[in-house]
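Okay, upload_39.tsv now, which holds TSV, C-alpha atoms:
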chain	number	residue	atom	x	y	z
A	1	MET	CA	227.50	246.24	56.54
A	2	PHE	CA	225.00	247.41	59.07
A	3	LYS	CA	223.71	244.69	61.32
A	4	ARG	CA	220.81	244.66	63.72
A	5	SER	CA	223.09	244.17	66.69
A	6	ASP	CA	225.37	247.09	65.88
A	7	PRO	CA	224.99	249.86	68.39
A	8	PRO	CA	223.78	253.07	66.76
A	9	THR	CA	226.52	255.53	66.08
A	10	PRO	CA	226.63	258.11	68.83
A	11	THR	CA	226.86	260.98	66.35
A	12	ASN	CA	223.38	260.19	65.17
A	13	ALA	CA	221.85	259.61	68.55
A	14	SER	CA	222.74	262.76	70.34
A	15	SER	CA	225.38	265.20	69.26
A	16	PRO	CA	225.30	268.38	71.23
A	17	SER	CA	226.75	270.41	68.36
A	18	LYS	CA	223.97	269.51	65.93
A	19	SER	CA	220.68	271.15	66.76
A	20	VAL	CA	218.25	268.31	67.11
A	21	MET	CA	214.87	268.91	65.58
A	22	THR	CA	212.31	267.42	67.92
A	23	ILE	CA	208.74	266.68	67.08
A	24	LEU	CA	207.67	269.76	69.03
A	25	ASP	CA	209.64	272.05	66.72
A	26	GLN	CA	207.73	270.93	63.69
A	27	PRO	CA	204.46	272.52	62.68
A	28	LEU	CA	201.36	270.47	63.44
A	29	SER	CA	200.19	268.60	60.38
A	30	ARG	CA	196.79	269.57	59.08
A	31	GLY	CA	195.68	265.99	59.06
A	32	LYS	CA	194.85	265.71	55.40
A	33	LYS	CA	197.02	262.69	54.67
A	34	GLU	CA	195.20	259.58	53.62
A	35	VAL	CA	195.97	255.88	53.58
A	36	SER	CA	194.06	252.93	52.28
A	37	LEU	CA	191.24	251.61	54.44
A	38	SER	CA	192.58	248.11	53.95
A	39	SER	CA	195.90	249.02	55.56
A	40	PHE	CA	194.00	249.81	58.71
A	41	SER	CA	191.82	246.72	58.41
A	42	PHE	CA	194.85	244.47	57.99
A	43	LEU	CA	196.53	246.03	61.00
A	44	PHE	CA	193.42	245.82	63.13
A	45	SER	CA	192.95	242.18	62.22
A	46	GLU	CA	196.53	241.47	63.32
A	47	ILE	CA	195.89	243.28	66.60
A	48	VAL	CA	192.81	241.15	67.24
A	49	GLN	CA	194.72	237.97	66.41
A	50	TYR	CA	197.65	238.98	68.58
A	51	HIS	CA	195.43	239.50	71.60
A	52	GLN	CA	193.42	236.40	70.82
A	53	GLY	CA	196.50	234.30	71.38
A	54	ARG	CA	197.04	235.77	74.80
A	55	ILE	CA	193.62	235.61	76.43
A	56	ASN	CA	191.24	232.97	77.70
A	57	THR	CA	187.82	234.52	77.38
A	58	TYR	CA	186.20	236.93	74.94
A	59	PRO	CA	185.51	239.66	77.52
A	60	GLU	CA	189.27	239.72	78.09
A	61	LEU	CA	189.80	240.20	74.38
A	62	GLU	CA	187.32	243.07	74.37
A	63	GLN	CA	189.19	244.56	77.29
A	64	LYS	CA	192.47	244.36	75.38
A	65	LEU	CA	190.94	246.00	72.31
A	66	ALA	CA	189.52	248.73	74.53
A	67	GLU	CA	193.03	249.31	75.90
A	68	THR	CA	194.35	249.71	72.37
A	69	GLY	CA	191.55	252.17	71.65
A	70	GLN	CA	192.10	254.05	74.85
A	71	ASN	CA	195.68	254.84	73.88
A	72	VAL	CA	194.35	256.21	70.62
A	73	GLY	CA	191.68	258.25	72.41
A	74	LEU	CA	194.10	259.93	74.80
A	75	ARG	CA	196.20	261.14	71.90
A	76	ILE	CA	193.51	262.03	69.42
A	77	TYR	CA	191.85	264.26	72.01
A	78	GLU	CA	195.00	266.29	72.42
A	79	LEU	CA	195.47	266.49	68.67
A	80	CYS	CA	191.90	267.64	68.01
A	81	VAL	CA	192.10	270.29	70.71
A	82	PHE	CA	195.43	271.62	69.43
A	83	ARG	CA	194.14	271.76	65.90
A	84	ASP	CA	190.88	273.46	66.72
A	85	LYS	CA	191.77	277.15	66.87
A	86	ASN	CA	188.95	278.37	69.06
A	87	SER	CA	188.73	275.36	71.27
A	88	LYS	CA	187.97	275.74	74.91
A	89	ARG	CA	187.88	273.17	77.60
A	90	GLU	CA	184.44	271.67	77.79
A	91	HIS	CA	183.08	271.17	81.25
A	92	LYS	CA	179.59	269.93	80.45
A	93	ILE	CA	178.76	266.37	79.60
A	94	SER	CA	176.58	267.21	76.61
A	95	THR	CA	179.09	269.50	74.90
A	96	GLN	CA	181.91	267.08	75.59
A	97	LEU	CA	179.98	264.21	74.03
A	98	ASN	CA	179.07	266.40	71.07
A	99	PHE	CA	182.76	267.09	70.60
A	100	ILE	CA	183.38	263.34	70.45
A	101	THR	CA	180.59	262.51	68.04
A	102	SER	CA	181.51	265.37	65.71
A	103	VAL	CA	185.18	266.43	65.86
A	104	VAL	CA	186.80	263.21	67.08
A	105	TRP	CA	184.57	261.01	64.93
A	106	LYS	CA	185.29	263.10	61.86
A	107	THR	CA	189.03	263.01	62.43
A	108	LEU	CA	189.14	259.26	62.88
A	109	TYR	CA	186.32	257.96	60.72
A	110	GLY	CA	185.68	260.81	58.29
A	111	LYS	CA	182.02	261.23	59.31
A	112	VAL	CA	179.99	262.23	62.33
A	113	ALA	CA	178.38	259.57	64.52
A	114	ASP	CA	174.81	258.69	63.56
A	115	SER	CA	173.19	259.91	66.73
A	116	LEU	CA	173.63	260.68	70.39
A	117	GLU	CA	170.90	260.00	72.91
A	118	LYS	CA	170.45	260.33	76.61
A	119	MET	CA	168.61	257.80	78.69
A	120	GLU	CA	168.43	258.60	82.39
A	121	GLU	CA	172.07	258.84	83.43
A	122	GLN	CA	173.49	256.97	80.50
A	123	TYR	CA	174.41	258.31	77.09
A	124	MET	CA	174.28	256.31	73.88
A	125	ILE	CA	176.26	256.93	70.74
A	126	TYR	CA	174.79	255.18	67.70
A	127	GLU	CA	176.99	254.20	64.79
A	128	SER	CA	175.72	252.16	61.87
A	129	MET	CA	179.05	250.76	60.73
A	130	PRO	CA	182.10	251.10	62.96
A	131	LEU	CA	185.12	251.14	60.67
A	132	GLU	CA	187.06	248.52	62.56
A	133	SER	CA	184.42	245.82	62.44
A	134	ARG	CA	183.61	246.34	58.79
A	135	TYR	CA	185.66	243.42	57.54
A	136	ILE	CA	185.31	241.23	60.57
A	137	SER	CA	183.15	238.18	60.44
A	138	LEU	CA	182.77	236.19	63.60
A	139	GLY	CA	183.33	232.48	63.57
A	140	ARG	CA	180.32	230.23	63.92
A	141	ASN	CA	181.05	229.49	67.56
A	142	VAL	CA	181.57	233.09	68.49
A	143	THR	CA	178.36	234.85	69.32
A	144	ASN	CA	179.16	237.43	71.88
A	145	LEU	CA	182.22	239.32	70.76
A	146	HIS	CA	182.21	242.98	69.83
A	147	CYS	CA	185.40	244.12	68.16
A	148	SER	CA	183.95	247.63	68.37
A	149	TYR	CA	185.31	247.71	71.88
A	150	PHE	CA	188.19	249.41	70.13
A	151	THR	CA	186.00	252.47	69.49
A	152	ALA	CA	184.56	252.16	73.00
A	153	GLY	CA	188.16	252.44	74.19
A	154	VAL	CA	188.70	255.51	72.03
A	155	ILE	CA	185.65	257.19	73.61
A	156	LYS	CA	186.84	256.24	77.06
A	157	GLY	CA	190.33	257.54	76.34
A	158	VAL	CA	189.04	260.89	75.09
A	159	LEU	CA	186.76	261.26	78.11
A	160	GLN	CA	189.59	260.33	80.43
A	161	ALA	CA	191.89	262.91	78.88
A	162	ALA	CA	189.16	265.53	79.25
A	163	CYS	CA	188.60	264.66	82.93
A	164	PHE	CA	185.31	262.88	82.46
A	165	PRO	CA	186.09	259.41	83.80
A	166	ALA	CA	183.53	256.94	82.48
A	167	THR	CA	182.98	253.36	81.50
A	168	VAL	CA	181.94	252.58	77.95
A	169	THR	CA	180.28	249.35	76.85
A	170	VAL	CA	179.11	248.11	73.48
A	171	ALA	CA	175.69	246.78	72.55
A	172	MET	CA	173.73	246.20	69.37
A	173	THR	CA	170.25	247.43	68.59
A	174	SER	CA	167.83	244.54	68.34
A	175	ASN	CA	167.63	244.77	64.55
A	176	LYS	CA	171.45	244.67	64.39
A	177	GLU	CA	171.44	247.88	62.43
A	178	TYR	CA	173.36	250.03	64.86
A	179	THR	CA	176.24	249.49	67.22
A	180	VAL	CA	175.56	251.39	70.42
A	181	PHE	CA	178.27	252.75	72.68
A	182	VAL	CA	176.82	253.16	76.14
A	183	VAL	CA	178.65	255.76	78.22
A	184	SER	CA	178.14	255.70	81.99
A	185	PHE	CA	179.94	258.47	83.81
A	186	ASP	CA	181.53	258.18	87.20
A	187	ARG	CA	179.57	259.46	90.16
A	188	SER	CA	182.00	262.38	90.48
A	189	VAL	CA	181.23	263.61	86.96
A	190	ILE	CA	177.47	263.48	87.52
A	191	GLU	CA	177.78	265.36	90.78
A	192	ARG	CA	179.94	267.99	89.12
A	193	GLU	CA	177.34	268.38	86.39
A	194	LEU	CA	174.63	268.96	89.02
A	195	GLN	CA	176.78	271.63	90.64
A	196	ILE	CA	177.31	273.40	87.33
A	197	ASN	CA	173.63	273.38	86.52
A	198	LYS	CA	172.59	274.79	89.86
B	1	MET	CA	206.76	256.42	28.71
B	2	SER	CA	209.38	254.88	30.94
B	3	ASN	CA	208.46	251.90	33.01
B	4	ILE	CA	208.83	253.79	36.28
B	5	ALA	CA	206.56	256.62	35.17
B	6	LYS	CA	204.03	254.06	34.02
B	7	LEU	CA	204.09	252.29	37.38
B	8	GLN	CA	203.76	255.60	39.15
B	9	LYS	CA	200.65	256.30	37.14
B	10	VAL	CA	199.23	252.89	38.02
B	11	GLY	CA	199.95	253.59	41.69
B	12	ASP	CA	198.29	256.99	41.59
B	13	SER	CA	195.19	255.82	39.81
B	14	THR	CA	194.82	252.77	42.07
B	15	PHE	CA	195.17	254.95	45.13
B	16	GLY	CA	192.59	257.31	43.70
B	17	ARG	CA	190.11	254.50	43.25
B	18	ILE	CA	190.25	252.65	46.54
B	19	GLU	CA	188.53	253.59	49.76
B	20	LYS	CA	190.67	255.75	51.99
B	21	ILE	CA	190.74	256.89	55.58
B	22	ASN	CA	192.56	259.59	57.48
B	23	SER	CA	196.10	258.41	58.08
B	24	GLU	CA	195.94	259.42	61.73
B	25	LEU	CA	193.70	256.49	62.63
B	26	LEU	CA	196.33	254.12	61.27
B	27	THR	CA	199.18	256.09	62.86
B	28	MET	CA	197.69	256.06	66.31
B	29	THR	CA	196.44	252.51	66.22
B	30	TYR	CA	199.88	251.35	65.16
B	31	GLY	CA	201.44	253.39	67.92
B	32	SER	CA	199.10	251.84	70.41
B	33	LEU	CA	200.06	248.38	69.19
B	34	VAL	CA	203.77	249.08	69.51
B	35	THR	CA	203.38	250.37	73.07
B	36	GLN	CA	201.36	247.31	73.98
B	37	LEU	CA	204.03	245.04	72.50
B	38	LEU	CA	206.78	246.86	74.36
B	39	ARG	CA	204.87	246.36	77.57
B	40	ASP	CA	204.13	242.69	76.86
B	41	PHE	CA	207.60	241.64	75.74
B	42	GLU	CA	209.87	243.95	77.71
B	43	ASP	CA	212.59	243.19	75.20
B	44	THR	CA	213.19	245.42	72.22
B	45	ASP	CA	214.53	242.75	69.94
B	46	ALA	CA	211.52	240.56	70.61
B	47	VAL	CA	209.28	243.50	69.66
B	48	ASN	CA	211.17	243.96	66.38
B	49	LYS	CA	210.62	240.28	65.67
B	50	GLN	CA	206.95	240.34	66.62
B	51	LEU	CA	206.29	243.36	64.39
B	52	GLU	CA	208.02	241.61	61.52
B	53	LYS	CA	205.95	238.51	62.13
B	54	MET	CA	202.70	240.44	62.13
B	55	GLY	CA	203.77	242.25	58.98
B	56	HIS	CA	204.50	238.94	57.30
B	57	LYS	CA	200.97	237.74	57.98
B	58	ILE	CA	199.60	240.97	56.57
B	59	GLY	CA	201.81	240.73	53.49
B	60	VAL	CA	200.66	237.22	52.68
B	61	ARG	CA	197.09	238.48	52.42
B	62	LEU	CA	197.78	241.94	51.11
B	63	ILE	CA	199.31	240.69	47.87
B	64	GLU	CA	195.91	239.44	46.83
B	65	GLU	CA	194.41	242.88	47.06
B	66	TYR	CA	197.43	244.29	45.27
B	67	MET	CA	196.88	241.93	42.37
B	68	ALA	CA	193.16	242.50	42.26
B	69	LYS	CA	193.09	246.27	42.49
B	70	SER	CA	196.18	247.44	40.67
B	71	ASN	CA	196.56	246.67	37.02
B	72	PRO	CA	198.45	243.39	37.26
B	73	SER	CA	200.05	243.56	33.84
B	74	ALA	CA	201.61	246.90	34.67
B	75	GLY	CA	202.60	246.03	38.19
B	76	SER	CA	203.79	242.52	37.50
B	77	CYS	CA	206.43	240.90	39.65
B	78	LYS	CA	208.15	238.56	37.22
B	79	GLU	CA	211.67	239.87	37.41
B	80	PHE	CA	213.20	241.00	40.64
B	81	LYS	CA	214.04	244.35	39.04
B	82	ASP	CA	210.40	245.03	38.08
B	83	THR	CA	209.28	243.82	41.47
B	84	ALA	CA	211.34	246.46	43.22
B	85	GLU	CA	209.75	249.27	41.25
B	86	ALA	CA	206.30	247.77	41.63
B	87	ILE	CA	206.66	247.74	45.42
B	88	ALA	CA	208.00	251.28	45.50
B	89	LYS	CA	205.61	252.92	43.09
B	90	VAL	CA	202.43	250.86	43.30
B	91	GLY	CA	202.50	248.91	46.57
B	92	PHE	CA	203.57	251.73	48.86
B	93	LYS	CA	201.35	254.21	47.07
B	94	MET	CA	198.18	252.18	47.12
B	95	PHE	CA	198.38	251.15	50.78
B	96	LEU	CA	200.20	254.01	52.47
B	97	GLY	CA	199.76	256.87	50.03
B	98	PHE	CA	203.39	257.66	49.21
B	99	ASN	CA	206.09	256.62	46.77
B	100	ALA	CA	209.46	255.18	47.62
B	101	GLN	CA	212.70	255.30	45.61
B	102	VAL	CA	214.60	252.22	44.60
B	103	THR	CA	218.34	252.69	44.98
B	104	SER	CA	221.63	250.90	45.66
B	105	TRP	CA	221.31	247.85	43.44
B	106	ASN	CA	224.17	245.45	43.93
B	107	GLN	CA	226.08	244.04	40.95
B	108	GLU	CA	224.23	240.74	40.87
B	109	GLN	CA	220.91	242.60	40.91
B	110	THR	CA	219.76	240.68	43.94
B	111	GLN	CA	219.73	243.48	46.47
B	112	PHE	CA	218.20	246.93	46.51
B	113	SER	CA	217.15	249.60	48.96
B	114	LEU	CA	213.78	251.26	49.32
B	115	VAL	CA	214.23	254.83	50.42
B	116	PHE	CA	211.39	257.09	51.51
B	117	GLN	CA	210.93	260.36	53.32
B	118	GLU	CA	207.42	260.26	54.62
B	119	ASN	CA	205.92	257.39	56.51
B	120	PRO	CA	202.51	257.73	58.12
B	121	LEU	CA	203.44	255.15	60.75
B	122	ASN	CA	206.18	257.45	62.04
B	123	ASP	CA	203.97	260.54	62.45
B	124	PHE	CA	203.83	262.04	65.95
B	125	VAL	CA	206.41	259.56	67.19
B	126	GLU	CA	209.45	260.29	69.27
B	127	LEU	CA	211.49	257.38	70.55
B	128	PRO	CA	212.94	257.48	74.04
B	129	GLU	CA	216.75	257.26	74.10
B	130	ARG	CA	216.62	253.83	75.69
B	131	LEU	CA	214.72	252.34	72.77
B	132	LYS	CA	217.08	253.99	70.30
B	133	THR	CA	220.11	252.39	71.92
B	134	GLU	CA	218.38	249.06	72.25
B	135	GLY	CA	217.71	249.15	68.53
B	136	LEU	CA	213.95	249.35	68.09
B	137	PHE	CA	212.92	249.71	64.48
B	138	TYR	CA	209.56	251.32	64.96
B	139	SER	CA	208.15	250.59	61.52
B	140	ASN	CA	209.57	247.08	61.31
B	141	LEU	CA	206.10	245.87	60.36
B	142	LEU	CA	206.79	247.12	56.82
B	143	CYS	CA	209.72	244.69	56.45
B	144	GLY	CA	207.41	241.84	57.28
B	145	VAL	CA	204.78	243.03	54.84
B	146	ILE	CA	207.28	243.08	51.96
B	147	ARG	CA	208.66	239.66	52.89
B	148	GLY	CA	205.18	238.15	53.17
B	149	ALA	CA	203.91	239.64	49.93
B	150	LEU	CA	206.95	238.55	47.91
B	151	GLU	CA	206.79	235.06	49.35
B	152	MET	CA	203.39	234.74	47.68
B	153	VAL	CA	204.93	235.53	44.30
B	154	GLN	CA	207.64	232.92	44.80
B	155	MET	CA	210.44	235.14	45.98
B	156	ARG	CA	212.11	234.55	49.28
B	157	VAL	CA	213.67	237.76	50.49
B	158	GLU	CA	215.23	239.22	53.56
B	159	CYS	CA	214.20	242.74	54.58
B	160	ILE	CA	216.10	244.82	57.05
B	161	PHE	CA	215.51	248.35	58.21
B	162	VAL	CA	218.80	250.20	57.95
B	163	LYS	CA	217.77	253.80	58.42
B	164	CYS	CA	214.91	255.34	60.31
B	165	PRO	CA	214.28	259.07	60.88
B	166	LEU	CA	213.12	258.30	64.40
B	167	ARG	CA	216.68	257.24	65.18
B	168	GLY	CA	218.20	260.39	63.73
B	169	ASP	CA	218.64	259.40	60.08
B	170	ASP	CA	217.49	261.72	57.33
B	171	VAL	CA	215.38	259.11	55.49
B	172	SER	CA	213.91	255.66	55.97
B	173	GLU	CA	215.72	252.88	54.19
B	174	ILE	CA	214.77	249.22	53.91
B	175	LYS	CA	217.28	246.83	52.41
B	176	VAL	CA	215.71	243.98	50.46
B	177	THR	CA	217.85	240.98	49.52
B	178	LEU	CA	216.70	238.15	47.30
B	179	ILE	CA	217.59	234.77	48.76
B	180	ASP	CA	216.08	232.47	46.18
B	181	TYR	CA	213.05	231.81	44.02
B	182	LEU	CA	210.61	229.37	45.50
B	183	LYS	CA	209.43	226.59	43.28
B	184	GLU	CA	205.81	225.88	42.89
B	185	ILE	CA	205.25	222.26	43.76
B	186	VAL	CA	202.30	220.61	42.13
B	187	LEU	CA	201.22	217.51	43.94
B	188	GLU	CA	200.58	214.58	41.70
B	189	ASP	CA	197.19	212.97	41.71
B	190	GLU	CA	197.13	209.84	43.68
What do you get writing this file as structure tokens?
Amino acid sequence: MFKRSDPPTPTNASSPSKSVMTILDQPLSRGKKEVSLSSFSFLFSEIVQYHQGRINTYPELEQKLAETGQNVGLRIYELCVFRDKNSKREHKISTQLNFITSVVWKTLYGKVADSLEKMEEQYMIYESMPLESRYISLGRNVTNLHCSYFTAGVIKGVLQAACFPATVTVAMTSNKEYTVFVVSFDRSVIERELQINK
Amino acid sequence: MSNIAKLQKVGDSTFGRIEKINSELLTMTYGSLVTQLLRDFEDTDAVNKQLEKMGHKIGVRLIEEYMAKSNPSAGSCKEFKDTAEAIAKVGFKMFLGFNAQVTSWNQEQTQFSLVFQENPLNDFVELPERLKTEGLFYSNLLCGVIRGALEMVQMRVECIFVKCPLRGDDVSEIKVTLIDYLKEIVLEDE
């Protein structure tokens, strides 16, 4: 019988005679597969609990969730760009953010973000109900935790992959209706933007 | 209509009813979790165990939704034999969107294998050779989910991944072995 500790048979791992089909040889999926929302919610809840056991303060937890999101962002950016036939590399902040609120948002959450606003040098993405915090209720003693840092991480990851380094924070509108993702770009990005607009 | 076809219908209609999302969000989030675990534990076997543990916690809660949303009379888990088909045709379908096949029953009817081709968790994944030799079972979470869910219906089982396409196999295969039935203990009033 097969046991966990058995080493994998070498014929399976790498046989030079058999042509190995790598992931790059397969056609890119069209991304129409669906799974239950609860599968994701269950998984996300486990991720939160896992990190919760390994941190001391809530900002650390938010940081960990952002890291998880960032890994997703880096990859989803590549996927969206590959899939989009007439995609070009965006070099302007506004078009890049539009790409996030429309294409990336649609791929991940099945809808576009509610709105995108600019305030001085910061950009805000408004979302009424981030998917990941839909089934999360905070304990009575927890007041200042935003599990939406996961999405903040996704935004950051996408921006990073597209060469727009930025920090993303999460806030709530005062009536608690919208979660706001506040994007502040690095100095270098703002200077580049000024150069382009000259 | 055969029992399997009936269960398949239950699975399809349940999946049609519930709220769905693009599988890629799940795929990538899971991938991100696995990479984080690999970084945190630095030991492949510990990652396998951790994934199983997390799956178990999910399974314990997921069974409730299974009971509530699928038609419980059709997807009942009284006999181990029915349970196997219910997992394959209803459970997998309603949460992950695909069906699995039940094969390789042993003579005592206490062990079977779940075999499936597609697995959204595996999408876009390529394992480095090192992790293949060290024996990472990327989707080990699923084993935990099955164990946790069955524990809630009084069956103690052992689930082991035996085949995984990411390690060069043609299909995924999870071996499920029944250890014993748990007894419900009712505490007497004091």
Expected answer as a VMD selection string: chain B residues within 8 Å of chain A, all atoms listed in the file: chain B and resid 15 18 to 26 28 to 30 32 to 33 36 54 57 to 58 62 94 to 97 124 to 126 129 132 to 135 162 167 to 169
Shortest interatomic distance to Leu97 in chain A - which of A:Lys85, A:Lys156, A:Lys111, A:Arg187, counting only C-alpha atoms: A:Lys156
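Separating CA of Val157 in chain B from CA of Leu187 in chain B is a distance of 24.7 Å.
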Selection: 12 Å around Ile93 in chain A, all atoms listed in the file, excl. self and same-chain fewer than 6 positions, as a list in words: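 Returned residues: Phe99, Ile100, Leu116, Lys118, Glu121, Gln122, Tyr123, Leu159, Ala162, Cys163, Phe164, Pro165, Ala166, Val183, Ser184, Phe185, Asp186, Val189, Ile190, Glu191, Arg192, Glu193, Leu194, Ile196 and Asn197 of chain A.
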Output for the residues just chosen: C-alpha atoms as a PDB file, in the frame of the given file:
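For reference, again-v6.pdb as written:
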ATOM      1  CA  PHE A  99     182.760 267.090  70.600  1.00  0.00           C
ATOM      2  CA  ILE A 100     183.380 263.340  70.450  1.00  0.00           C
ATOM      3  CA  LEU A 116     173.630 260.680  70.390  1.00  0.00           C
ATOM      4  CA  LYS A 118     170.450 260.330  76.610  1.00  0.00           C
ATOM      5  CA  GLU A 121     172.070 258.840  83.430  1.00  0.00           C
ATOM      6  CA  GLN A 122     173.490 256.970  80.500  1.00  0.00           C
ATOM      7  CA  TYR A 123     174.410 258.310  77.090  1.00  0.00           C
ATOM      8  CA  LEU A 159     186.760 261.260  78.110  1.00  0.00           C
ATOM      9  CA  ALA A 162     189.160 265.530  79.250  1.00  0.00           C
ATOM     10  CA  CYS A 163     188.600 264.660  82.930  1.00  0.00           C
ATOM     11  CA  PHE A 164     185.310 262.880  82.460  1.00  0.00           C
ATOM     12  CA  PRO A 165     186.090 259.410  83.800  1.00  0.00           C
ATOM     13  CA  ALA A 166     183.530 256.940  82.480  1.00  0.00           C
ATOM     14  CA  VAL A 183     178.650 255.760  78.220  1.00  0.00           C
ATOM     15  CA  SER A 184     178.140 255.700  81.990  1.00  0.00           C
ATOM     16  CA  PHE A 185     179.940 258.470  83.810  1.00  0.00           C
ATOM     17  CA  ASP A 186     181.530 258.180  87.200  1.00  0.00           C
ATOM     18  CA  VAL A 189     181.230 263.610  86.960  1.00  0.00           C
ATOM     19  CA  ILE A 190     177.470 263.480  87.520  1.00  0.00           C
ATOM     20  CA  GLU A 191     177.780 265.360  90.780  1.00  0.00           C
ATOM     21  CA  ARG A 192     179.940 267.990  89.120  1.00  0.00           C
ATOM     22  CA  GLU A 193     177.340 268.380  86.390  1.00  0.00           C
ATOM     23  CA  LEU A 194     174.630 268.960  89.020  1.00  0.00           C
ATOM     24  CA  ILE A 196     177.310 273.400  87.330  1.00  0.00           C
ATOM     25  CA  ASN A 197     173.630 273.380  86.520  1.00  0.00           C
TER      26      ASN A 197
END
d(CA of Lys78 in chain B, CA of Ile4 in chain B) in Å: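 For CA of Lys78 in chain B relative to CA of Ile4 in chain B, the distance reads 15.3 Å.
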Separation of CA of Thr179 in chain A from CA of Glu127 in chain A, in Å and rounded to one decimal: 5.4 Å
Contacts of range 104-118 of chain B at 8 Å (only C-alpha atoms; same-chain gap of 3+ positions) as a count of residues only: 18
